[in-house]
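Undergrad: Can you keep this structure in mind? I'll have questions shortly.
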Amino acid sequence: MPSLASSLPFSPAELAYLHTSLASVPPLRPDARSLGTDFRPLRAETGVLPAVNGSAHVGFSDGREAIVGVKLEVEKTAGKKSVHGPIRTEDGVVDMDVDVDIEDQYQGGRHSAKGKQEWVTLSLTLPGLRDDDPNLAFLEEMLREPLAVASSTSTSTSTKPSEMGSTTSLQDNLVINSRWHWHIYIDVLLISPNGLASYPLPLLSMATHLALRDTRIPRLKSEGEEDPVADDDWMASTYLYPRGKASSGVVKPPVILLVVVVGENAIFDPSREELAVADGVVAVSVAAGVDDGDPCKVLAVRMIDTPARDTMKGVPQSGEAPEGVDVPGVWRPRLGGVKRSILKAVVKSVVVDGVARDVISGLDGFLNLEAGANAGSMAAV
Amino acid sequence: MSDRRRLNGPAGTTSPPVFTPSTGSAISPQYRSRKPNELRKIFLQTGVVPSATGSAYLELESPPRSRSTVLNTSSTIKLSCSVHGPKPLPRTASFSPNLQLSASVKFAPFATRNRQGYVRDSTERDIGMHLENALKGVIIPDRWPKSAIDIAVTVLEGEDDQIDGDRIVGVGLVNMLAGCINVSMAALADARVDCLDLLAAGVGAIVAGPEKPLRILDPASIEHEAILASCLVGYLPSRDELVEVWTNGSSSTQGANAGISFDEMLDSAVAAARGAQTVIKEVLVEALTKTKGGTKKLSHDHMNDVEMKT
């Protein structure tokens, strides 16, 4: 899917060389990263945009940058309105306790209010790509999907089904009262010299992660079922994803990791060269465990089309090889998919072997550093 | 941006009537009567669109039930797929040594409870990308240099998920994609496009059970109150390879106590795919025997020649 049209395609000889070196154990990566799980350095800053609730700017070393702005708007909750209040009485419906029924059914009998997925809007802008490009819709959906998945807040040791139900996702935190909610708009701008060729998913995901953790909800002066009135004081606002000690049950937004499978190897944070020869490309969305000891959770997994399928095949010096015969060192476009065992190993390496934990703790470290710097500058003033 | 070329429905969205249930006939949630590892019955037929190179129609049946309120969501899926090509690339297109596959999914305006517009929305494009990704894994592209193949799936009836939402999400969409993959594979085979294997898609899910979470195959959204996680795979059985994976919902990998692990969920989806594959295989064999050993299209003009000589 990452079209190679925007930058020069690789020749069959280059592809064969890259594939052979990446499939060797341990993989030899073209940018000399020693391990398959190594990430490239990135720059990040939060709070860059003045007129939004939260923002982040992340840049990768290959020149790609993403700017994310998160805005919150108060919106009337649609479903409840039609059941509540005077509208129904004017219609002559006598049965006024109906709304209780529907609400119960709506919340699935749970105590916490449930949000709706429509309250989260994520839009992605990529200069040079048409608005109705299916790749864009695919990427947007991939970034939005894990946000809407409820990540369990109960500890993993509880086995009771009642506690299993106590899950929150992003939209559940947007409920103000039964008639009003916040609508969250996450707008992502990607600046990339080579379009989708170096699939920008990790960059976008990390930028979205940081922007969401930078997002503050204004404090409300109104209480309970009143129409919401926001406090002007920005310092009184609270974080959408509360910060605090990692052990105190803090929920964090998900992170999406892009993994490339070459041979038996799983390679993280692939560069353009590594993507071009991938046997399979897998995007794994993970959420950090609530407590320190908790393992990470898989929220969503998607397979992405690998550009290696649509390449020119190489011809060996001895002439065209018969079909089904692989001449070593001669490139053949990838056929078929990824073995089931390899996919399981990929997900295991993300979650159990701690790649996801490392990434999330890296992002945590950055936020702590920034918070410390802010506090320092405040003290200096 | 208004679409002026077609006769469109009302400009604003119209909200469907939601009747309040009277106390007498409370909505009785439909419970799953199938076993956890039993699939819904699949109806599949190939060769339904005469003008297309290959075509197929798929229906997932749900047991007949009285329709008491509008609130009832259906769990029937009806899909029609047509394949056009392989055909030569247009002269303006640049050279390609491979078959260029493009797949699209379109909801009919009447497919879901809320009307779908004629312009494809983001859900349709997203599903189309998934389908394209799955089918690219099963074709052998270098058999047809400089050619293209178009696969169009029309959703005649979709599985509604929500009580009042305006987009279909969750397991209904996943089931639909599985149906799209299966029907496209049947249509590809009907078009006599040779493939690596007979691709099949299946859905596995984890639902909240009475005591602990349950693992089920082929979940229908109306039969379960809470679906914790769902997993779709596009599976090549003879190679044991996955060409498409789409999971949604939290699952741990360890599966120590409460949770069912990701691996188990993946395996159940693969089992569902194997089940679907037997249906596709049987239908294709049946269609082949009906057309007398597959001479339907391949040697059409050749056969005519022979007849004229005698």
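Each chain in the structure tokens gets a letter, A, B, ..., in the order shown, and its residues are numbered from 1; ligands are numbered from 1 in order too.
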I'd like the contact shell of Gly36 in chain A - 10 Å cut-off, only C-alpha atoms, skipping same-chain residues fewer than 2 positions apart - returned as a count of residues only.
TA: 18
Undergrad: Set the distance at 9 Å and use only C-alpha atoms: which residues neighbour Arg213 in chain A once local chain neighbours fewer than 5 positions away are removed? I'd like the list as an mmCIF file with C-alpha atoms, in the first residue's frame.
TA:
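Once written, result_8.cif looks like this:
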data_model
loop_
_atom_site.group_PDB
_atom_site.id
_atom_site.type_symbol
_atom_site.label_atom_id
_atom_site.label_comp_id
_atom_site.auth_asym_id
_atom_site.auth_seq_id
_atom_site.Cartn_x
_atom_site.Cartn_y
_atom_site.Cartn_z
ATOM 1 C CA GLY A 54 -3.609 19.882 23.662
ATOM 2 C CA SER A 55 -0.966 19.594 20.984
ATOM 3 C CA THR A 208 -1.387 11.566 18.839
ATOM 4 C CA TYR A 239 -5.756 16.533 32.137
ATOM 5 C CA LEU A 240 -7.932 14.287 30.005
ATOM 6 C CA TYR A 241 -5.568 11.460 30.829
ATOM 7 C CA PRO A 242 -4.643 12.181 34.430
ATOM 8 C CA ARG A 243 -0.961 12.137 35.200
ATOM 9 C CA LYS A 252 -2.725 6.101 29.100
ATOM 10 C CA PRO A 253 -3.700 6.476 25.476
ATOM 11 C CA LEU A 367 6.670 13.992 29.439
#
Undergrad: Which distance in Å separates CA of Ile342 in chain A and CA of Arg239 in chain B, to one decimal?
TA: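 One can read the CA of Ile342 in chain A to CA of Arg239 in chain B distance as 13.1 Å.
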Undergrad: Do me a favour and pick out the residues of chain B within 7 Å of chain A, using only C-alpha atoms, as a PyMOL selection string.
TA: chain B and resi 20+97-98+122+125-126+129+133+137-138+140+211-212+240-253+257-258+263
Undergrad: Store the residues picked out above, limited to N, CA and C atoms, as a CSV table (one decimal), in the first residue's frame.
TA:
chain,number,residue,atom,x,y,z
B,20,THR,N,-41.1,3.6,21.5
B,20,THR,CA,-40.9,3.2,22.9
B,20,THR,C,-41.5,1.8,23.1
B,97,PRO,N,4.6,-4.7,-14.2
B,97,PRO,CA,4.8,-6.1,-14.5
B,97,PRO,C,3.8,-7.0,-13.8
B,98,ASN,N,2.9,-6.4,-13.0
B,98,ASN,CA,2.0,-7.2,-12.1
B,98,ASN,C,0.6,-6.9,-12.4
B,122,SER,N,-16.1,7.0,4.7
B,122,SER,CA,-14.8,6.5,5.2
B,122,SER,C,-14.9,5.0,5.6
B,125,ARG,N,-14.5,3.0,2.5
B,125,ARG,CA,-13.1,3.0,2.0
B,125,ARG,C,-12.2,2.1,2.8
B,126,ASP,N,-12.4,2.2,4.1
B,126,ASP,CA,-11.6,1.4,5.1
B,126,ASP,C,-11.8,-0.1,4.8
B,129,MET,N,-10.2,-1.2,1.7
B,129,MET,CA,-8.7,-1.4,1.8
B,129,MET,C,-8.4,-2.7,2.4
B,133,ASN,N,-6.4,-5.7,0.6
B,133,ASN,CA,-5.2,-6.2,1.2
B,133,ASN,C,-5.3,-7.7,1.3
B,137,GLY,N,-3.1,-10.8,-1.3
B,137,GLY,CA,-2.3,-11.9,-0.8
B,137,GLY,C,-2.6,-13.3,-1.4
B,138,VAL,N,-3.7,-13.4,-2.1
B,138,VAL,CA,-4.0,-14.7,-2.7
B,138,VAL,C,-3.8,-14.8,-4.2
B,140,ILE,N,-1.8,-14.3,-7.8
B,140,ILE,CA,-0.4,-14.4,-8.3
B,140,ILE,C,-0.2,-13.3,-9.3
B,211,GLU,N,-19.8,-16.8,33.9
B,211,GLU,CA,-18.8,-16.7,34.9
B,211,GLU,C,-17.5,-16.1,34.4
B,212,LYS,N,-17.0,-16.7,33.3
B,212,LYS,CA,-15.8,-16.2,32.7
B,212,LYS,C,-16.0,-15.9,31.2
B,240,ASP,N,-1.1,-22.5,5.7
B,240,ASP,CA,-1.2,-22.0,7.0
B,240,ASP,C,-0.7,-20.6,7.2
B,241,GLU,N,-1.2,-19.7,6.3
B,241,GLU,CA,-0.7,-18.3,6.3
B,241,GLU,C,-1.9,-17.4,6.4
B,242,LEU,N,-1.6,-16.3,7.0
B,242,LEU,CA,-2.6,-15.2,7.2
B,242,LEU,C,-2.4,-14.1,6.2
B,243,VAL,N,-3.4,-13.7,5.5
B,243,VAL,CA,-3.2,-12.6,4.6
B,243,VAL,C,-3.9,-11.4,5.1
B,244,GLU,N,-4.7,-11.5,6.1
B,244,GLU,CA,-5.4,-10.4,6.6
B,244,GLU,C,-5.7,-10.7,8.1
B,245,VAL,N,-5.4,-9.7,8.9
B,245,VAL,CA,-5.8,-9.9,10.4
B,245,VAL,C,-6.4,-8.5,10.8
B,246,TRP,N,-7.4,-8.6,11.5
B,246,TRP,CA,-8.0,-7.3,12.0
B,246,TRP,C,-8.7,-7.7,13.3
B,247,THR,N,-8.0,-7.3,14.4
B,247,THR,CA,-8.6,-7.6,15.7
B,247,THR,C,-8.9,-6.3,16.4
B,248,ASN,N,-9.8,-6.4,17.3
B,248,ASN,CA,-10.4,-5.2,17.9
B,248,ASN,C,-10.8,-5.6,19.3
B,249,GLY,N,-10.5,-4.8,20.3
B,249,GLY,CA,-10.9,-5.1,21.6
B,249,GLY,C,-9.7,-5.6,22.4
B,250,SER,N,-9.7,-5.4,23.7
B,250,SER,CA,-8.6,-5.6,24.5
B,250,SER,C,-8.5,-7.1,24.8
B,251,SER,N,-7.3,-7.6,24.6
B,251,SER,CA,-7.0,-9.0,25.0
B,251,SER,C,-5.6,-9.1,25.5
B,252,SER,N,-5.3,-9.8,26.5
B,252,SER,CA,-4.0,-9.9,27.0
B,252,SER,C,-3.3,-11.1,26.2
B,253,THR,N,-2.0,-11.2,26.3
B,253,THR,CA,-1.4,-12.3,25.6
B,253,THR,C,-1.2,-13.5,26.5
B,257,ASN,N,-5.6,-15.7,33.8
B,257,ASN,CA,-6.7,-16.1,34.6
B,257,ASN,C,-8.0,-15.7,33.9
B,258,ALA,N,-8.3,-14.4,33.9
B,258,ALA,CA,-9.6,-14.0,33.4
B,258,ALA,C,-9.6,-13.9,31.8
B,263,ASP,N,-3.6,-15.4,21.2
B,263,ASP,CA,-3.3,-16.5,20.4
B,263,ASP,C,-4.6,-17.4,20.2
Undergrad: Identify all residues of range 5-254 of chain B in strand (DSSP E or B) (DSSP on the backbone) and supply them as a PyMOL selection string.
TA: chain B and resi 42-46+54-60+77-88+99-107+139+147-157+195+200-207+214-217+227-236+241-251
Undergrad: Create the file for the chosen residues now, containing C-alpha atoms and written as an mmCIF file, in the first residue's frame.
TA:
data_model
loop_
_atom_site.group_PDB
_atom_site.id
_atom_site.type_symbol
_atom_site.label_atom_id
_atom_site.label_comp_id
_atom_site.auth_asym_id
_atom_site.auth_seq_id
_atom_site.Cartn_x
_atom_site.Cartn_y
_atom_site.Cartn_z
ATOM 1 C CA ILE B 42 -23.906 -19.614 4.625
ATOM 2 C CA PHE B 43 -25.693 -19.402 1.309
ATOM 3 C CA LEU B 44 -23.321 -18.907 -1.573
ATOM 4 C CA GLN B 45 -23.902 -18.972 -5.299
ATOM 5 C CA THR B 46 -21.560 -18.154 -8.137
ATOM 6 C CA GLY B 54 -17.034 -13.719 -12.354
ATOM 7 C CA SER B 55 -19.612 -13.081 -9.704
ATOM 8 C CA ALA B 56 -20.999 -14.488 -6.506
ATOM 9 C CA TYR B 57 -23.747 -13.869 -4.008
ATOM 10 C CA LEU B 58 -23.470 -14.614 -0.318
ATOM 11 C CA GLU B 59 -26.039 -14.608 2.396
ATOM 12 C CA LEU B 60 -25.657 -15.249 6.088
ATOM 13 C CA ILE B 77 -25.810 -10.179 5.675
ATOM 14 C CA LYS B 78 -26.404 -10.142 1.939
ATOM 15 C CA LEU B 79 -23.509 -9.414 -0.351
ATOM 16 C CA SER B 80 -23.085 -9.477 -4.068
ATOM 17 C CA CYS B 81 -19.704 -9.374 -5.741
ATOM 18 C CA SER B 82 -18.640 -9.002 -9.323
ATOM 19 C CA VAL B 83 -15.198 -9.305 -10.834
ATOM 20 C CA HIS B 84 -14.165 -7.449 -13.982
ATOM 21 C CA GLY B 85 -10.992 -8.506 -15.672
ATOM 22 C CA PRO B 86 -8.170 -9.324 -15.877
ATOM 23 C CA LYS B 87 -8.210 -6.640 -18.527
ATOM 24 C CA PRO B 88 -5.411 -4.618 -20.112
ATOM 25 C CA LEU B 99 -1.723 -7.563 -12.057
ATOM 26 C CA GLN B 100 -3.159 -4.420 -10.506
ATOM 27 C CA LEU B 101 -5.967 -5.432 -8.187
ATOM 28 C CA SER B 102 -8.464 -2.933 -6.907
ATOM 29 C CA ALA B 103 -11.334 -3.806 -4.642
ATOM 30 C CA SER B 104 -14.167 -1.654 -3.420
ATOM 31 C CA VAL B 105 -17.058 -2.136 -1.067
ATOM 32 C CA LYS B 106 -20.238 -0.128 -1.404
ATOM 33 C CA PHE B 107 -23.277 -0.182 0.801
ATOM 34 C CA ILE B 139 -3.554 -13.750 -6.304
ATOM 35 C CA SER B 147 -3.347 -5.852 -16.615
ATOM 36 C CA ALA B 148 -5.845 -4.890 -14.000
ATOM 37 C CA ILE B 149 -8.702 -6.548 -12.212
ATOM 38 C CA ASP B 150 -11.564 -4.798 -10.465
ATOM 39 C CA ILE B 151 -13.594 -6.370 -7.709
ATOM 40 C CA ALA B 152 -16.752 -4.656 -6.556
ATOM 41 C CA VAL B 153 -18.751 -5.817 -3.575
ATOM 42 C CA THR B 154 -22.202 -4.420 -2.984
ATOM 43 C CA VAL B 155 -23.669 -4.784 0.461
ATOM 44 C CA LEU B 156 -27.371 -5.364 0.023
ATOM 45 C CA GLU B 157 -28.030 -5.899 3.668
ATOM 46 C CA CYS B 195 -4.844 -18.177 -7.005
ATOM 47 C CA ALA B 200 -11.453 -17.887 3.415
ATOM 48 C CA ALA B 201 -12.196 -15.474 6.209
ATOM 49 C CA GLY B 202 -13.596 -16.160 9.621
ATOM 50 C CA VAL B 203 -14.404 -14.252 12.767
ATOM 51 C CA GLY B 204 -13.720 -15.305 16.310
ATOM 52 C CA ALA B 205 -14.720 -13.367 19.375
ATOM 53 C CA ILE B 206 -14.538 -13.231 23.119
ATOM 54 C CA VAL B 207 -17.854 -12.521 24.802
ATOM 55 C CA LEU B 214 -16.240 -17.264 26.460
ATOM 56 C CA ARG B 215 -14.580 -17.941 23.152
ATOM 57 C CA ILE B 216 -17.000 -18.227 20.237
ATOM 58 C CA LEU B 217 -16.890 -18.477 16.468
ATOM 59 C CA ILE B 227 -18.373 -8.453 22.894
ATOM 60 C CA LEU B 228 -15.023 -7.969 24.561
ATOM 61 C CA ALA B 229 -12.850 -8.588 21.562
ATOM 62 C CA SER B 230 -13.251 -9.757 18.006
ATOM 63 C CA CYS B 231 -10.758 -11.055 15.512
ATOM 64 C CA LEU B 232 -10.997 -11.496 11.766
ATOM 65 C CA VAL B 233 -8.524 -13.468 9.729
ATOM 66 C CA GLY B 234 -8.131 -14.081 6.046
ATOM 67 C CA TYR B 235 -6.551 -17.505 5.962
ATOM 68 C CA LEU B 236 -4.858 -19.679 3.367
ATOM 69 C CA GLU B 241 -0.707 -18.334 6.256
ATOM 70 C CA LEU B 242 -2.643 -15.246 7.203
ATOM 71 C CA VAL B 243 -3.196 -12.609 4.567
ATOM 72 C CA GLU B 244 -5.418 -10.387 6.644
ATOM 73 C CA VAL B 245 -5.774 -9.856 10.356
ATOM 74 C CA TRP B 246 -8.046 -7.349 12.011
ATOM 75 C CA THR B 247 -8.605 -7.593 15.706
ATOM 76 C CA ASN B 248 -10.374 -5.169 17.892
ATOM 77 C CA GLY B 249 -10.885 -5.109 21.621
ATOM 78 C CA SER B 250 -8.555 -5.650 24.490
ATOM 79 C CA SER B 251 -7.005 -9.005 25.014
#
Undergrad: Using CA of Ala13 in chain A and CA of Pro328 in chain A as the two end points, give the distance in Å to one decimal.
TA: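 Answer for the CA of Ala13 in chain A to CA of Pro328 in chain A separation: 11.5 Å.
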Undergrad: Just the number, please: distance in Å from CA of Lys146 in chain B to CA of Arg91 in chain B, one decimal.
TA: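 Interatomic distance, CA of Lys146 in chain B to CA of Arg91 in chain B: 9.9 Å.
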Undergrad: So that I can see what lies close to His19 in chain A, please list as an MDAnalysis selection string the residues with an atom at most 10 Å from it, counting only C-alpha atoms and leaving out residues fewer than 3 positions away in the same chain.
TA: chainID A and resid 13:16 22:24 27:29 262:263 273:274 276:279 308 329 331
Undergrad: If you keep N, CA and C atoms, can you produce a file of those selected residues as an mmCIF file, in the first residue's frame?
TA:
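result-v2.cif written:
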data_model
loop_
_atom_site.group_PDB
_atom_site.id
_atom_site.type_symbol
_atom_site.label_atom_id
_atom_site.label_comp_id
_atom_site.auth_asym_id
_atom_site.auth_seq_id
_atom_site.Cartn_x
_atom_site.Cartn_y
_atom_site.Cartn_z
ATOM 1 N N ALA A 13 17.708 -6.016 -7.760
ATOM 2 C CA ALA A 13 18.952 -6.381 -7.095
ATOM 3 C C ALA A 13 19.026 -5.771 -5.698
ATOM 4 N N GLU A 14 18.619 -4.511 -5.596
ATOM 5 C CA GLU A 14 18.612 -3.867 -4.282
ATOM 6 C C GLU A 14 17.662 -4.581 -3.336
ATOM 7 N N LEU A 15 16.476 -4.920 -3.863
ATOM 8 C CA LEU A 15 15.478 -5.587 -3.030
ATOM 9 C C LEU A 15 16.001 -6.924 -2.536
ATOM 10 N N ALA A 16 16.647 -7.678 -3.414
ATOM 11 C CA ALA A 16 17.164 -8.984 -3.024
ATOM 12 C C ALA A 16 18.231 -8.823 -1.950
ATOM 13 N N LEU A 22 18.138 -8.605 5.799
ATOM 14 C CA LEU A 22 17.168 -8.479 6.884
ATOM 15 C C LEU A 22 16.686 -9.837 7.361
ATOM 16 N N ALA A 23 16.722 -10.839 6.494
ATOM 17 C CA ALA A 23 16.234 -12.155 6.894
ATOM 18 C C ALA A 23 17.291 -12.952 7.640
ATOM 19 N N SER A 24 18.536 -12.489 7.628
ATOM 20 C CA SER A 24 19.567 -13.222 8.352
ATOM 21 C C SER A 24 19.380 -13.022 9.854
ATOM 22 N N PRO A 27 19.132 -9.782 12.276
ATOM 23 C CA PRO A 27 18.963 -9.004 11.041
ATOM 24 C C PRO A 27 20.016 -7.912 10.903
ATOM 25 N N LEU A 28 20.472 -7.729 9.690
ATOM 26 C CA LEU A 28 21.388 -6.625 9.390
ATOM 27 C C LEU A 28 20.552 -5.500 8.806
ATOM 28 N N ARG A 29 20.405 -4.442 9.577
ATOM 29 C CA ARG A 29 19.515 -3.372 9.118
ATOM 30 C C ARG A 29 20.312 -2.334 8.347
ATOM 31 N N VAL A 262 10.224 -10.057 8.144
ATOM 32 C CA VAL A 262 11.077 -10.499 7.034
ATOM 33 C C VAL A 262 11.655 -11.843 7.423
ATOM 34 N N GLY A 263 11.340 -12.855 6.678
ATOM 35 C CA GLY A 263 11.769 -14.199 7.059
ATOM 36 C C GLY A 263 11.175 -14.546 8.413
ATOM 37 N N GLU A 273 13.472 1.441 3.350
ATOM 38 C CA GLU A 273 14.117 0.284 2.728
ATOM 39 C C GLU A 273 13.570 -1.009 3.315
ATOM 40 N N GLU A 274 13.359 -0.994 4.633
ATOM 41 C CA GLU A 274 12.901 -2.216 5.288
ATOM 42 C C GLU A 274 11.453 -2.528 4.927
ATOM 43 N N ALA A 276 10.089 -1.838 2.112
ATOM 44 C CA ALA A 276 9.983 -2.219 0.708
ATOM 45 C C ALA A 276 10.154 -3.709 0.485
ATOM 46 N N VAL A 277 10.809 -4.411 1.414
ATOM 47 C CA VAL A 277 11.037 -5.842 1.214
ATOM 48 C C VAL A 277 10.269 -6.693 2.215
ATOM 49 N N ALA A 278 9.297 -6.082 2.903
ATOM 50 C CA ALA A 278 8.613 -6.801 3.982
ATOM 51 C C ALA A 278 7.802 -7.972 3.446
ATOM 52 N N ASP A 279 7.869 -9.109 4.161
ATOM 53 C CA ASP A 279 6.962 -10.213 3.860
ATOM 54 C C ASP A 279 5.561 -9.887 4.352
ATOM 55 N N ALA A 308 6.132 -5.025 -1.121
ATOM 56 C CA ALA A 308 6.981 -6.021 -1.789
ATOM 57 C C ALA A 308 6.193 -6.848 -2.791
ATOM 58 N N GLY A 329 19.395 -15.058 -3.986
ATOM 59 C CA GLY A 329 19.977 -13.796 -4.400
ATOM 60 C C GLY A 329 19.260 -13.121 -5.541
ATOM 61 N N TRP A 331 15.645 -11.528 -6.756
ATOM 62 C CA TRP A 331 14.416 -11.052 -6.119
ATOM 63 C C TRP A 331 13.175 -11.628 -6.782
#
Undergrad: Show which residues sit within 8 Å of Arg32 in chain B, as a PyMOL selection string. Count only C-alpha atoms, and ignore same-chain residues fewer than 2 positions away.
TA: chain B and resi 30+34-35+223-224
Undergrad: From the set B:Gly170, B:Pro90, B:Pro50, B:Pro219, which residue has the shortest atom-to-atom contact distance to Ser75 in chain B, counting only C-alpha atoms?
TA: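 When distances to Ser75 in chain B are compared using only C-alpha atoms, the smallest one comes from B:Pro219.
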Undergrad: Neighbours of range 48-51 of chain A within 12 Å (only C-alpha atoms; same-chain residues fewer than 3 positions away dropped), as a ChimeraX atom specification?
TA: /A:44-45,54-58,66-72,187,207,210-211,214-215,234
Undergrad: Only C-alpha atoms, please: the residues just picked out, written as a JSON list (two decimals), in the first residue's frame.
TA:
[["chain", "number", "residue", "atom", "x", "y", "z"],
["A", 44, "ALA", "CA", 9.11, 15.82, 20.39],
["A", 45, "GLU", "CA", 7.52, 18.79, 22.07],
["A", 54, "GLY", "CA", -3.61, 19.88, 23.66],
["A", 55, "SER", "CA", -0.97, 19.59, 20.98],
["A", 56, "ALA", "CA", 2.24, 17.85, 20.12],
["A", 57, "HIS", "CA", 4.92, 18.08, 17.48],
["A", 58, "VAL", "CA", 7.01, 15.02, 16.74],
["A", 66, "ALA", "CA", 3.65, 15.39, 12.52],
["A", 67, "ILE", "CA", 1.71, 18.11, 14.26],
["A", 68, "VAL", "CA", -1.36, 17.13, 16.22],
["A", 69, "GLY", "CA", -3.94, 19.46, 17.70],
["A", 70, "VAL", "CA", -6.71, 18.26, 19.98],
["A", 71, "LYS", "CA", -9.81, 20.35, 20.42],
["A", 72, "LEU", "CA", -12.79, 19.77, 22.65],
["A", 187, "ASP", "CA", -6.43, 16.78, 13.81],
["A", 207, "ALA", "CA", 2.26, 12.34, 18.11],
["A", 210, "LEU", "CA", 1.57, 12.87, 23.28],
["A", 211, "ALA", "CA", -1.10, 15.35, 22.19],
["A", 214, "ASP", "CA", -1.17, 17.05, 26.86],
["A", 215, "THR", "CA", -4.91, 17.66, 26.47],
["A", 234, "TRP", "CA", -6.72, 27.52, 32.21]]
